[in-house]
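S.K.: Sharing input04.cif, mmCIF, C-alpha atoms:
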data_data
loop_
_atom_site.label_atom_id
_atom_site.label_comp_id
_atom_site.auth_asym_id
_atom_site.auth_seq_id
_atom_site.Cartn_x
_atom_site.Cartn_y
_atom_site.Cartn_z
CA MET U 1 162.08 120.63 52.17
CA LYS U 2 159.95 118.21 50.13
CA ILE U 3 157.57 120.23 47.98
CA LEU U 4 154.74 118.65 45.96
CA HIS U 5 152.96 120.58 43.20
CA TYR U 6 149.58 119.91 41.59
CA ASN U 7 148.71 121.30 38.16
CA THR U 8 146.16 119.95 35.70
CA TYR U 9 148.45 120.05 32.66
CA ASP U 10 152.14 120.16 31.78
CA VAL U 11 151.53 122.42 28.76
CA GLY U 12 150.42 126.04 28.50
CA GLY U 13 151.40 129.26 30.25
CA ALA U 14 150.37 128.13 33.73
CA ALA U 15 152.29 124.88 33.34
CA LYS U 16 155.39 126.75 32.21
CA ALA U 17 155.20 128.97 35.31
CA VAL U 18 154.86 125.90 37.58
CA TYR U 19 157.82 124.17 35.96
CA ARG U 20 160.02 127.24 36.28
CA PHE U 21 159.06 127.53 39.95
CA HIS U 22 159.84 123.84 40.47
CA LEU U 23 163.29 124.23 38.89
CA ALA U 24 164.04 127.29 40.99
CA LEU U 25 163.14 125.39 44.17
CA LYS U 26 165.42 122.53 43.13
CA ASP U 27 168.25 124.99 42.45
CA ALA U 28 167.72 126.29 45.99
CA GLY U 29 168.31 122.77 47.36
CA HIS U 30 164.74 121.55 47.84
CA GLU U 31 163.24 118.27 46.66
CA SER U 32 160.39 119.17 44.33
CA LYS U 33 157.98 117.09 42.26
CA ILE U 34 154.98 117.94 40.09
CA VAL U 35 151.87 115.80 39.67
CA VAL U 36 149.73 116.56 36.59
CA PHE U 37 146.62 114.84 35.38
CA LYS U 38 147.90 114.40 31.85
CA LYS U 39 151.57 114.51 30.91
CA LYS U 40 152.12 115.48 27.29
CA GLU U 41 155.40 117.29 26.73
CA ILE U 42 157.78 117.59 29.69
CA THR U 43 160.18 114.63 29.88
CA ASP U 44 161.54 115.49 33.34
CA GLN U 45 161.06 112.50 35.68
CA ASP U 46 160.09 114.89 38.47
CA VAL U 47 156.93 115.69 36.48
CA MET U 48 154.59 112.73 36.96
CA ALA U 49 151.28 111.82 35.40
CA PHE U 50 148.42 110.95 37.72
CA THR U 51 147.86 107.21 37.31
CA LEU U 52 144.47 105.55 37.55
CA SER U 53 143.35 101.94 37.56
CA PRO U 54 140.77 100.89 34.92
CA VAL U 55 137.95 101.31 37.46
CA GLN U 56 139.27 104.74 38.46
CA ARG U 57 139.56 105.76 34.81
CA LEU U 58 135.91 104.82 34.30
CA ARG U 59 134.95 106.99 37.26
CA HIS U 60 136.92 109.89 35.79
CA TYR U 61 135.27 109.35 32.39
CA LEU U 62 131.83 109.55 34.02
CA ASN U 63 132.93 112.71 35.85
CA GLU U 64 133.95 114.27 32.52
CA ILE U 65 130.50 113.54 31.09
CA ARG U 66 128.95 115.24 34.14
CA ARG U 67 131.24 118.25 33.64
CA LYS U 68 130.31 118.57 29.97
CA ILE U 69 126.62 118.46 30.82
CA ALA U 70 127.13 121.06 33.56
CA ALA U 71 129.12 123.30 31.20
CA ARG U 72 126.42 123.54 28.54
CA ASN U 73 125.49 127.12 27.63
CA ILE U 74 128.00 128.70 30.03
CA LYS U 75 129.25 131.98 28.53
CA LYS U 76 132.79 131.53 27.24
CA GLU U 77 134.02 135.00 28.16
CA TYR U 78 133.99 134.06 31.86
CA TYR U 79 136.27 131.03 31.44
CA PHE U 80 134.05 129.11 33.84
CA PHE U 81 136.11 125.90 33.73
CA ASN U 82 135.55 124.78 37.32
CA VAL U 83 131.92 123.94 36.70
CA ASP U 84 131.15 121.96 39.86
CA GLU U 85 133.21 121.56 43.04
CA ASN U 86 131.29 118.39 43.87
CA ILE U 87 132.53 116.61 40.75
CA GLY U 88 135.90 115.02 41.34
CA LEU U 89 137.95 111.98 42.22
CA PRO U 90 138.09 110.58 45.77
CA SER U 91 141.05 111.95 47.73
CA GLY U 92 142.28 108.40 48.30
CA TYR U 93 143.34 108.30 44.65
CA PHE U 94 145.60 111.31 45.25
CA ILE U 95 147.07 109.81 48.39
CA GLU U 96 147.85 106.60 46.47
CA ASN U 97 149.71 108.72 43.89
CA LEU U 98 151.93 110.58 46.36
CA PRO U 99 155.58 110.37 45.23
CA PHE U 100 156.69 111.18 48.79
CA ASN U 101 155.20 112.60 51.98
CA PRO U 102 155.53 116.34 51.35
CA ASP U 103 156.43 119.09 53.78
CA ILE U 104 154.53 121.58 51.61
CA ILE U 105 151.82 121.15 48.98
CA CYS U 106 151.64 123.79 46.23
CA VAL U 107 148.39 123.97 44.28
CA HIS U 108 148.43 125.83 40.96
CA TRP U 109 145.96 125.64 37.99
CA VAL U 110 143.89 122.59 39.01
CA SER U 111 140.43 122.94 37.41
CA GLY U 112 139.04 119.54 36.47
CA PHE U 113 141.68 117.80 38.59
CA VAL U 114 141.84 118.79 42.28
CA ASN U 115 138.88 120.23 44.18
CA ALA U 116 138.61 121.94 47.58
CA LYS U 117 137.71 118.74 49.41
CA ASN U 118 140.73 116.96 47.88
CA ILE U 119 143.00 119.77 49.06
CA TYR U 120 141.73 119.51 52.64
CA GLU U 121 141.94 115.71 52.76
CA ILE U 122 145.40 115.46 51.16
CA SER U 123 146.70 118.07 53.58
CA LYS U 124 145.11 116.27 56.53
CA ALA U 125 146.53 112.88 55.44
CA THR U 126 150.07 114.19 54.93
CA GLY U 127 150.17 116.91 57.60
CA ALA U 128 151.50 119.28 54.93
CA PRO U 129 150.35 122.92 54.76
CA VAL U 130 149.02 124.12 51.41
CA VAL U 131 150.05 127.10 49.32
CA TRP U 132 147.59 127.90 46.53
CA ARG U 133 149.67 129.87 44.05
CA PHE U 134 147.65 131.42 41.23
CA ASN U 135 147.59 133.94 38.43
CA ASP U 136 143.84 134.12 37.80
CA LEU U 137 140.69 134.29 39.92
CA ASN U 138 139.44 130.70 40.04
CA ALA U 139 140.80 129.83 43.48
CA PHE U 140 138.40 132.29 45.13
CA THR U 141 135.42 132.47 42.73
CA GLY U 142 132.44 130.22 42.12
CA GLY U 143 133.96 128.86 38.91
CA CYS U 144 135.26 131.58 36.60
CA HIS U 145 138.96 132.16 35.95
CA TYR U 146 138.29 135.68 34.63
CA SER U 147 135.27 137.55 35.95
CA ASN U 148 134.67 139.87 32.97
CA GLY U 149 133.99 142.67 35.42
CA CYS U 150 131.66 140.71 37.73
CA ILE U 151 132.35 141.19 41.46
CA ASN U 152 129.83 138.73 42.88
CA TYR U 153 132.76 136.78 44.35
CA PHE U 154 133.05 139.62 46.91
CA THR U 155 129.96 138.21 48.65
CA GLY U 156 130.24 134.53 47.74
CA CYS U 157 128.85 134.49 44.17
CA GLY U 158 125.32 133.57 43.13
CA ASN U 159 123.36 135.29 40.35
CA CYS U 160 126.30 134.38 38.14
CA PRO U 161 126.26 136.15 34.74
CA ALA U 162 128.22 133.26 33.20
CA LEU U 163 125.43 130.76 33.80
CA PRO U 164 122.41 130.31 31.51
CA VAL U 165 119.96 130.60 34.45
CA PRO U 166 121.47 132.76 37.23
CA SER U 167 119.93 132.57 40.69
CA PRO U 168 120.96 133.42 44.27
CA ALA U 169 121.69 129.73 44.99
CA ASP U 170 123.09 128.76 41.59
CA ARG U 171 126.12 126.60 40.88
CA SER U 172 128.57 129.47 41.45
CA ARG U 173 127.19 129.99 44.96
CA ARG U 174 127.34 126.27 45.73
CA ASN U 175 130.94 126.12 44.51
CA VAL U 176 131.93 128.96 46.84
CA GLU U 177 130.19 127.25 49.74
CA GLN U 178 132.28 124.12 49.11
CA LYS U 179 135.49 126.18 49.04
CA VAL U 180 134.60 127.96 52.26
CA LYS U 181 133.68 124.65 53.94
CA TRP U 182 136.87 122.77 53.05
CA LEU U 183 139.54 125.44 52.59
CA GLY U 184 138.46 127.28 55.73
CA LYS U 185 139.67 124.38 57.88
CA THR U 186 142.86 123.71 55.90
CA ASN U 187 146.28 125.08 56.90
CA LEU U 188 146.34 127.04 53.65
CA CYS U 189 147.68 130.31 52.35
CA PHE U 190 146.55 131.91 49.10
CA VAL U 191 149.49 133.52 47.28
CA SER U 192 148.78 136.14 44.64
CA SER U 193 151.44 137.15 42.15
CA THR U 194 150.46 140.71 41.19
CA THR U 195 149.02 143.62 43.11
CA GLU U 196 145.87 143.60 40.97
CA ILE U 197 144.98 140.00 41.72
CA ASP U 198 145.95 140.50 45.37
CA GLU U 199 143.36 143.25 45.66
CA GLN U 200 140.77 140.98 44.02
CA LEU U 201 141.71 138.09 46.31
CA LYS U 202 141.38 140.14 49.51
CA SER U 203 137.94 141.36 48.41
CA SER U 204 136.62 137.79 48.12
CA LEU U 205 134.53 135.87 50.63
CA VAL U 206 136.66 132.74 50.19
CA ALA U 207 139.93 134.48 51.11
CA LYS U 208 138.46 135.73 54.37
CA GLN U 209 138.63 132.11 55.61
CA CYS U 210 142.38 131.69 54.96
CA LYS U 211 145.75 133.38 55.11
CA THR U 212 146.86 135.47 52.13
CA ARG U 213 150.25 136.66 50.90
CA LEU U 214 151.51 138.70 47.96
CA ILE U 215 154.70 137.33 46.40
CA MET U 216 155.44 139.00 43.11
CA LEU U 217 156.11 136.92 40.02
CA ALA U 218 159.69 136.26 39.05
CA CYS U 219 161.49 135.13 35.94
CA ASP U 220 164.76 133.25 35.55
CA SER U 221 167.34 135.26 33.60
CA LYS U 222 169.31 132.23 32.33
CA TYR U 223 168.08 132.85 28.78
CA PHE U 224 166.18 136.10 29.21
CA LYS U 225 168.97 138.66 29.14
CA PRO U 226 170.17 141.39 26.78
CA ALA U 227 171.93 140.39 23.57
CA ASP U 228 172.93 141.88 20.24
CA LYS U 229 169.68 142.68 18.42
CA SER U 230 171.05 142.27 14.91
CA LYS U 231 172.50 138.84 15.68
CA ALA U 232 169.28 137.69 17.40
CA ALA U 233 167.24 138.80 14.35
CA LEU U 234 169.53 136.97 11.94
CA ASP U 235 169.40 133.83 14.11
CA LEU U 236 165.61 133.85 13.67
CA GLY U 237 165.82 134.52 9.95
CA LEU U 238 164.58 138.08 10.36
CA PRO U 239 166.03 141.23 8.77
CA HIS U 240 168.43 142.97 11.12
CA ASN U 241 167.71 146.52 9.92
CA LYS U 242 164.04 146.81 10.87
CA LYS U 243 162.16 148.26 13.82
CA ILE U 244 160.58 145.05 15.11
CA ILE U 245 157.30 145.18 17.01
CA PHE U 246 156.89 141.78 18.70
CA PHE U 247 153.83 140.22 20.29
CA GLY U 248 152.54 136.73 21.01
CA ALA U 249 149.57 134.69 22.17
CA ASN U 250 148.45 131.09 21.90
CA ASP U 251 145.14 132.18 20.39
CA LEU U 252 144.85 135.57 18.71
CA SER U 253 141.06 135.19 18.61
CA ASP U 254 140.82 135.18 22.42
CA PRO U 255 139.13 138.53 23.23
CA ARG U 256 141.09 138.83 26.49
CA LYS U 257 144.34 139.11 24.57
CA GLY U 258 143.25 142.33 22.87
CA PHE U 259 144.26 141.51 19.30
CA ARG U 260 141.43 143.68 17.91
CA GLN U 261 142.69 146.63 19.98
CA LEU U 262 146.25 145.93 18.81
CA LEU U 263 145.22 146.08 15.14
CA GLN U 264 143.41 149.36 15.80
CA SER U 265 146.52 150.76 17.47
CA LEU U 266 148.75 149.65 14.60
CA GLU U 267 146.43 151.30 12.06
CA LEU U 268 146.66 154.53 14.05
CA LEU U 269 150.42 154.17 14.25
CA LYS U 270 150.67 153.75 10.49
CA SER U 271 148.65 156.92 9.92
CA GLN U 272 151.14 158.87 12.06
CA LEU U 273 154.32 157.67 10.32
CA SER U 274 155.96 158.79 7.10
CA GLU U 275 156.04 156.28 4.25
CA ASP U 276 159.77 155.78 4.80
CA MET U 277 159.21 155.02 8.48
CA GLN U 278 156.34 152.67 7.65
CA ARG U 279 158.73 150.59 5.56
CA GLU U 280 161.09 150.31 8.53
CA ILE U 281 158.47 148.60 10.67
CA LEU U 282 158.21 144.80 10.85
CA LEU U 283 155.52 143.06 12.90
CA VAL U 284 156.73 139.75 14.33
CA PHE U 285 154.45 137.46 16.29
CA ALA U 286 154.41 133.96 17.72
CA SER U 287 151.06 132.18 17.80
CA LYS U 288 149.32 128.91 17.07
CA SER U 289 146.52 130.85 15.37
CA GLY U 290 145.99 131.05 11.64
CA THR U 291 146.08 134.58 10.27
CA SER U 292 144.34 134.35 6.91
CA GLY U 293 142.02 137.27 6.27
CA ILE U 294 143.81 139.69 8.59
CA ASN U 295 144.53 143.06 6.99
CA TRP U 296 147.97 143.82 8.45
CA PRO U 297 148.98 147.50 8.40
CA PHE U 298 152.71 146.68 8.18
CA ASP U 299 154.95 143.99 6.78
CA HIS U 300 154.69 140.98 9.10
CA ARG U 301 156.23 137.62 9.91
CA GLN U 302 154.72 134.79 11.93
CA LEU U 303 157.18 132.66 13.84
CA PRO U 304 156.37 129.07 14.75
CA PHE U 305 154.95 129.06 18.28
CA LEU U 306 158.09 129.29 20.39
CA LYS U 307 158.26 126.51 22.97
CA GLY U 308 161.94 126.60 23.83
CA GLU U 309 162.98 129.45 26.11
CA GLU U 310 166.19 130.07 24.19
CA GLN U 311 164.28 130.68 20.95
CA LEU U 312 161.68 132.80 22.72
CA ALA U 313 164.44 134.90 24.27
CA LYS U 314 165.90 135.56 20.80
CA ALA U 315 162.55 136.98 19.67
CA TYR U 316 162.57 139.48 22.55
CA GLN U 317 166.24 140.26 21.97
CA ALA U 318 165.61 140.97 18.30
CA ALA U 319 162.62 143.22 18.98
CA THR U 320 162.62 146.98 19.32
CA VAL U 321 159.48 146.84 21.45
CA PHE U 322 157.22 144.15 22.89
CA VAL U 323 153.51 144.99 22.88
CA SER U 324 150.98 143.50 25.31
CA PRO U 325 147.43 144.51 24.30
CA SER U 326 145.71 142.20 26.85
CA ILE U 327 142.53 143.74 28.24
CA GLU U 328 142.00 141.09 30.95
CA ASP U 329 145.01 139.08 32.04
CA ALA U 330 146.80 137.87 35.13
CA GLY U 331 150.12 138.27 33.32
CA PRO U 332 151.34 137.92 30.78
CA MET U 333 154.71 136.51 31.81
CA MET U 334 155.97 137.69 28.42
CA LEU U 335 156.25 141.20 29.89
CA LEU U 336 158.93 140.09 32.35
CA GLU U 337 160.73 137.99 29.76
CA SER U 338 160.92 140.93 27.36
CA MET U 339 162.13 143.37 30.00
CA LEU U 340 164.87 141.03 31.18
CA CYS U 341 166.05 140.96 27.57
CA GLY U 342 166.32 144.76 27.68
CA THR U 343 163.37 145.21 25.33
CA PRO U 344 160.86 147.82 26.56
CA ALA U 345 157.13 147.04 26.53
CA VAL U 346 153.92 148.89 25.78
CA ALA U 347 150.90 147.54 27.64
CA PHE U 348 147.42 148.34 28.82
CA ALA U 349 147.19 148.81 32.59
CA VAL U 350 145.92 145.34 33.49
CA GLY U 351 147.37 142.40 35.40
CA LEU U 352 151.13 142.21 35.67
CA ALA U 353 151.60 145.37 33.61
CA LYS U 354 150.52 147.46 36.61
CA ASP U 355 153.57 146.21 38.52
CA ALA U 356 156.10 145.72 35.74
CA VAL U 357 155.62 148.53 33.24
CA ILE U 358 156.97 151.84 34.48
CA ASN U 359 156.75 154.80 32.13
CA ASN U 360 160.09 155.65 30.52
CA VAL U 361 161.83 153.00 32.65
CA THR U 362 160.62 149.61 31.40
CA GLY U 363 158.40 150.97 28.62
CA PHE U 364 155.01 152.68 28.67
CA ILE U 365 151.71 151.77 30.34
CA VAL U 366 148.43 153.21 29.08
CA PRO U 367 144.79 153.11 30.26
CA PRO U 368 142.88 149.96 29.23
CA LEU U 369 141.39 150.16 25.70
CA ASP U 370 143.01 153.54 24.95
CA VAL U 371 144.27 152.60 21.48
CA ASN U 372 145.38 156.18 20.75
CA LYS U 373 147.83 156.23 23.67
CA PHE U 374 148.87 152.65 22.89
CA ALA U 375 149.78 153.70 19.34
CA GLY U 376 151.50 156.85 20.57
CA SER U 377 153.66 154.88 23.01
CA ILE U 378 154.79 152.47 20.29
CA LYS U 379 155.60 155.47 18.10
CA THR U 380 157.68 157.04 20.87
CA ILE U 381 159.84 153.92 21.15
CA VAL U 382 160.32 153.13 17.45
CA GLN U 383 161.25 156.77 16.72
CA MET U 384 163.66 157.19 19.63
CA PRO U 385 167.21 158.29 18.75
CA GLU U 386 169.60 155.36 19.17
CA GLU U 387 171.34 156.73 22.26
CA GLN U 388 168.04 157.45 24.01
CA TYR U 389 166.73 153.99 23.12
CA GLU U 390 169.83 152.26 24.47
CA SER U 391 169.45 154.16 27.74
CA LEU U 392 165.81 153.01 27.97
CA ALA U 393 166.83 149.41 27.24
CA ASP U 394 169.46 149.55 30.01
CA ARG U 395 166.93 150.91 32.52
CA CYS U 396 164.46 148.26 31.44
CA TYR U 397 166.84 145.36 32.13
CA THR U 398 168.14 146.84 35.41
CA LYS U 399 164.68 147.49 36.86
CA ALA U 400 163.28 144.12 35.76
CA SER U 401 166.23 142.32 37.37
CA GLU U 402 165.71 144.26 40.59
CA LEU U 403 161.94 143.72 40.87
CA PHE U 404 161.47 140.25 39.42
CA GLY U 405 164.58 138.25 40.22
CA LYS U 406 164.09 134.53 40.89
CA GLN U 407 166.21 134.45 44.06
CA ARG U 408 164.02 137.11 45.69
CA GLU U 409 160.88 135.08 44.92
CA ILE U 410 162.31 131.82 46.32
CA ARG U 411 163.46 133.55 49.54
CA GLU U 412 159.95 134.86 50.12
CA TYR U 413 158.40 131.44 49.51
CA GLU U 414 160.90 129.74 51.82
CA GLN U 415 159.93 132.20 54.55
CA LEU U 416 156.22 131.49 53.96
CA PHE U 417 156.76 127.72 53.94
CA GLY U 418 158.56 127.95 57.27
CA GLU U 419 155.75 130.01 58.81
CA LEU U 420 153.07 127.56 57.65
CA ILE U 421 154.96 124.50 58.90
CA LYS U 422 155.45 126.18 62.27
CA CYS U 423 151.72 127.04 62.46
CA GLY U 424 150.76 123.46 61.57
#
Have the structure of the file written as structure tokens, please.

M.R.:
Amino acid sequence: MKILHYNTYDVGGAAKAVYRFHLALKDAGHESKIVVFKKKEITDQDVMAFTLSPVQRLRHYLNEIRRKIAARNIKKEYYFFNVDENIGLPSGYFIENLPFNPDIICVHWVSGFVNAKNIYEISKATGAPVVWRFNDLNAFTGGCHYSNGCINYFTGCGNCPALPVPSPADRSRRNVEQKVKWLGKTNLCFVSSTTEIDEQLKSSLVAKQCKTRLIMLACDSKYFKPADKSKAALDLGLPHNKKIIFFGANDLSDPRKGFRQLLQSLELLKSQLSEDMQREILLVFASKSGTSGINWPFDHRQLPFLKGEEQLAKAYQAATVFVSPSIEDAGPMMLLESMLCGTPAVAFAVGLAKDAVINNVTGFIVPPLDVNKFAGSIKTIVQMPEEQYESLADRCYTKASELFGKQREIREYEQLFGELIKCG
């Protein structure tokens, strides 16, 4: 099959997930190409930048000005990036940029790039069914990627708390109306990647117009696999005789990532450990954020933000435990990566953690914001006798391989692709 992907960027967590999916499809014998609006890092020739003529670039520049005006005073905690479904490039530009006539079109994170009308018209021009594969809410909301507890998308949005002047017919409502209008007549299937987001999807007005499918996330185990912890630590320049608590995020100041709750948990953990045990703990984290002014409760090391999967795998392999304090998240994919390395995780019960973290099998899952139980779960792991810990690590790797193997994911997508093509 010829499979064409659209994603706004080639950098970031969403882009990494798209690229991994693309490689897995190629390994399965399919022809796969990715079109992004701006290509910055990936050198693969199958990842192509969207090209525009000077006149088309001017049109895009004017669109960006309109988006910035529309985005003024929108509350940041809702991640309302898709400010207006009516702002976009003509679908003819996309059709001119087709690298081949696809059998399947996969849409991923496309805010500011591809809108609902584009999706319908590209599908109509090519005859290709569409799979919208996502890890956050934007595909079926009036603009937000994370709803911050709002459920207005159940009934088609309006009165949006993210907007400076909410009203029944505000921009969020108009955006949903555009999605219903165009996606409702497209041969399209929404695919959610966790049970939490699948429940949210099926509650939405937009999804009632289209097919839906749950296909759990997967992770390639080429690099993410168990290894000797001491050697992995030494390879990263870390001491090999410490209990390493590992975590990571692009931006530690992002409230969704729960860094404040993590610090609270670590302070509680410190208060429950002897002074000797406190000295055994090393916090290791990968982030682009600066950390000046943070009062760390334990000795800590910041790694350069880990782009290469081999280096990232070594961080998991060196760790005693991976902690995921996210309080609103579609993932993070780091949970799967850690588990495949045989490193148990502690996480709040949000996003992917609800599917991946199984108590005393792949780590420990605790109620959202319960910093006491979060601290207690970390303590349980770092104080485990060696034999008990090794048994937990073995269960962690075995269960993660069973639930989140790449071959299982590709088989399920191939089945879905076949069904959609037959329906078309």

S.K.: If the PyMOL selection byres ((chain U and resi 352-354) around 12) were run on this exact file, what residues would it hold? Put them as a PyMOL selection string.

M.R.: chain U and resi 135-136+192-198+216-218+323-336+339+344-351+355-359+362-368+400+404

S.K.: Report as a PDB file with C-alpha atoms, in the coordinates of the input all protein, DNA and RNA residues lying within 9 Å of range 284-289 of chain U, evaluated on all atoms listed in the file, omitting residues in the same chain fewer than 6 positions from it.

M.R.:
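around-v1.pdb written:
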ATOM      1  CA  LEU U 238     164.580 138.080  10.360  1.00  0.00           C
ATOM      2  CA  ILE U 244     160.580 145.050  15.110  1.00  0.00           C
ATOM      3  CA  ILE U 245     157.300 145.180  17.010  1.00  0.00           C
ATOM      4  CA  PHE U 246     156.890 141.780  18.700  1.00  0.00           C
ATOM      5  CA  PHE U 247     153.830 140.220  20.290  1.00  0.00           C
ATOM      6  CA  GLY U 248     152.540 136.730  21.010  1.00  0.00           C
ATOM      7  CA  ALA U 249     149.570 134.690  22.170  1.00  0.00           C
ATOM      8  CA  ASN U 250     148.450 131.090  21.900  1.00  0.00           C
ATOM      9  CA  ASP U 251     145.140 132.180  20.390  1.00  0.00           C
ATOM     10  CA  LEU U 252     144.850 135.570  18.710  1.00  0.00           C
ATOM     11  CA  SER U 253     141.060 135.190  18.610  1.00  0.00           C
ATOM     12  CA  ASP U 299     154.950 143.990   6.780  1.00  0.00           C
ATOM     13  CA  HIS U 300     154.690 140.980   9.100  1.00  0.00           C
ATOM     14  CA  ARG U 301     156.230 137.620   9.910  1.00  0.00           C
ATOM     15  CA  GLN U 302     154.720 134.790  11.930  1.00  0.00           C
ATOM     16  CA  LEU U 303     157.180 132.660  13.840  1.00  0.00           C
ATOM     17  CA  PRO U 304     156.370 129.070  14.750  1.00  0.00           C
ATOM     18  CA  PHE U 305     154.950 129.060  18.280  1.00  0.00           C
ATOM     19  CA  LEU U 306     158.090 129.290  20.390  1.00  0.00           C
ATOM     20  CA  LEU U 312     161.680 132.800  22.720  1.00  0.00           C
ATOM     21  CA  ALA U 315     162.550 136.980  19.670  1.00  0.00           C
ATOM     22  CA  ALA U 319     162.620 143.220  18.980  1.00  0.00           C
TER      23      ALA U 319
END

S.K.: Using only C-alpha atoms, which residues sit within 8 Å of Lys39 in chain U once same-chain residues fewer than 2 positions away are excluded, as an MDAnalysis selection string?

M.R.: chainID U and resid 9:10 36:37 41:42 47:49

S.K.: Tyr146 in chain U: which residues within 10 Å, counting only C-alpha atoms, same-chain residues fewer than 3 positions away excluded, as a short mmCIF file (atom, residue, chain, number, x, y, z; two decimals) with C-alpha atoms, in the coordinates of the input?

M.R.:
data_model
loop_
_atom_site.label_atom_id
_atom_site.label_comp_id
_atom_site.auth_asym_id
_atom_site.auth_seq_id
_atom_site.Cartn_x
_atom_site.Cartn_y
_atom_site.Cartn_z
CA GLU U 77 134.02 135.00 28.16
CA TYR U 78 133.99 134.06 31.86
CA TYR U 79 136.27 131.03 31.44
CA PHE U 80 134.05 129.11 33.84
CA ASP U 136 143.84 134.12 37.80
CA LEU U 137 140.69 134.29 39.92
CA ASN U 138 139.44 130.70 40.04
CA THR U 141 135.42 132.47 42.73
CA GLY U 143 133.96 128.86 38.91
CA GLY U 149 133.99 142.67 35.42
CA CYS U 150 131.66 140.71 37.73
CA ARG U 256 141.09 138.83 26.49
CA GLU U 328 142.00 141.09 30.95
CA ASP U 329 145.01 139.08 32.04
CA ALA U 330 146.80 137.87 35.13
#

S.K.: Using all atoms listed in the file, find the one residue out of U:Ile151, U:Ala139, U:Ile74, U:Val18 that sits nearest to Val165 in chain U.

M.R.: U:Ile74

S.K.: For the structure provided, state which residues fall under the PyMOL selection byres ((chain U and resi 33) around 12), and present them as a PyMOL selection string.

M.R.: chain U and resi 1-7+18-26+30-32+34-36+44-49+97-107

S.K.: Mind telling me what the PyMOL selection byres ((chain U and resi 71) around 12) catches here, as a PyMOL selection string?

M.R.: chain U and resi 64-70+72-76+78-84+112+143-144+162-164+171-172

S.K.: Quick one: what's the axis-aligned box for range 27-38 of chain U, all listed atoms, 5 Å on every side, centre and edges in Å to one decimal, as lines of an AutoDock Vina configuration file?

M.R.:
center_x = 157.5
center_y = 120.3
center_z = 39.8
size_x = 31.7
size_y = 21.9
size_z = 26.0

S.K.: How would range 79-89 of chain U of the given structure read as a file with N, CA, C and O atoms, as a PDB file, in the first residue's frame?

M.R.:
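The resulting result.pdb:
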ATOM      1  N   TYR U  79      -4.196  25.013  25.381  1.00  0.00           N
ATOM      2  CA  TYR U  79      -3.424  24.642  24.184  1.00  0.00           C
ATOM      3  C   TYR U  79      -4.305  24.749  22.934  1.00  0.00           C
ATOM      4  O   TYR U  79      -4.388  23.845  22.124  1.00  0.00           O
ATOM      5  N   PHE U  80      -4.947  25.913  22.819  1.00  0.00           N
ATOM      6  CA  PHE U  80      -5.911  26.174  21.754  1.00  0.00           C
ATOM      7  C   PHE U  80      -5.144  26.639  20.512  1.00  0.00           C
ATOM      8  O   PHE U  80      -5.171  27.809  20.118  1.00  0.00           O
ATOM      9  N   PHE U  81      -4.431  25.693  19.869  1.00  0.00           N
ATOM     10  CA  PHE U  81      -3.570  26.040  18.739  1.00  0.00           C
ATOM     11  C   PHE U  81      -4.359  26.166  17.434  1.00  0.00           C
ATOM     12  O   PHE U  81      -3.992  26.921  16.551  1.00  0.00           O
ATOM     13  N   ASN U  82      -5.423  25.400  17.305  1.00  0.00           N
ATOM     14  CA  ASN U  82      -6.192  25.398  16.065  1.00  0.00           C
ATOM     15  C   ASN U  82      -7.244  26.500  16.140  1.00  0.00           C
ATOM     16  O   ASN U  82      -8.433  26.245  16.328  1.00  0.00           O
ATOM     17  N   VAL U  83      -6.783  27.759  15.995  1.00  0.00           N
ATOM     18  CA  VAL U  83      -7.632  28.883  16.359  1.00  0.00           C
ATOM     19  C   VAL U  83      -8.823  29.088  15.426  1.00  0.00           C
ATOM     20  O   VAL U  83      -9.858  29.598  15.841  1.00  0.00           O
ATOM     21  N   ASP U  84      -8.679  28.704  14.145  1.00  0.00           N
ATOM     22  CA  ASP U  84      -9.786  28.971  13.218  1.00  0.00           C
ATOM     23  C   ASP U  84      -9.721  28.002  12.043  1.00  0.00           C
ATOM     24  O   ASP U  84      -8.794  28.044  11.242  1.00  0.00           O
ATOM     25  N   GLU U  85     -10.723  27.132  11.941  1.00  0.00           N
ATOM     26  CA  GLU U  85     -10.775  26.137  10.864  1.00  0.00           C
ATOM     27  C   GLU U  85     -10.923  26.772   9.485  1.00  0.00           C
ATOM     28  O   GLU U  85     -10.675  26.134   8.473  1.00  0.00           O
ATOM     29  N   ASN U  86     -11.346  28.024   9.434  1.00  0.00           N
ATOM     30  CA  ASN U  86     -11.517  28.687   8.141  1.00  0.00           C
ATOM     31  C   ASN U  86     -10.226  29.308   7.618  1.00  0.00           C
ATOM     32  O   ASN U  86     -10.182  29.780   6.481  1.00  0.00           O
ATOM     33  N   ILE U  87      -9.194  29.342   8.462  1.00  0.00           N
ATOM     34  CA  ILE U  87      -7.906  29.875   8.021  1.00  0.00           C
ATOM     35  C   ILE U  87      -7.069  28.708   7.519  1.00  0.00           C
ATOM     36  O   ILE U  87      -6.814  27.753   8.258  1.00  0.00           O
ATOM     37  N   GLY U  88      -6.635  28.780   6.285  1.00  0.00           N
ATOM     38  CA  GLY U  88      -5.823  27.691   5.759  1.00  0.00           C
ATOM     39  C   GLY U  88      -5.474  27.910   4.306  1.00  0.00           C
ATOM     40  O   GLY U  88      -5.896  28.884   3.670  1.00  0.00           O
ATOM     41  N   LEU U  89      -4.698  26.997   3.783  1.00  0.00           N
ATOM     42  CA  LEU U  89      -4.290  27.052   2.383  1.00  0.00           C
ATOM     43  C   LEU U  89      -5.308  26.314   1.514  1.00  0.00           C
ATOM     44  O   LEU U  89      -5.922  25.340   1.969  1.00  0.00           O
TER      45      LEU U  89
END
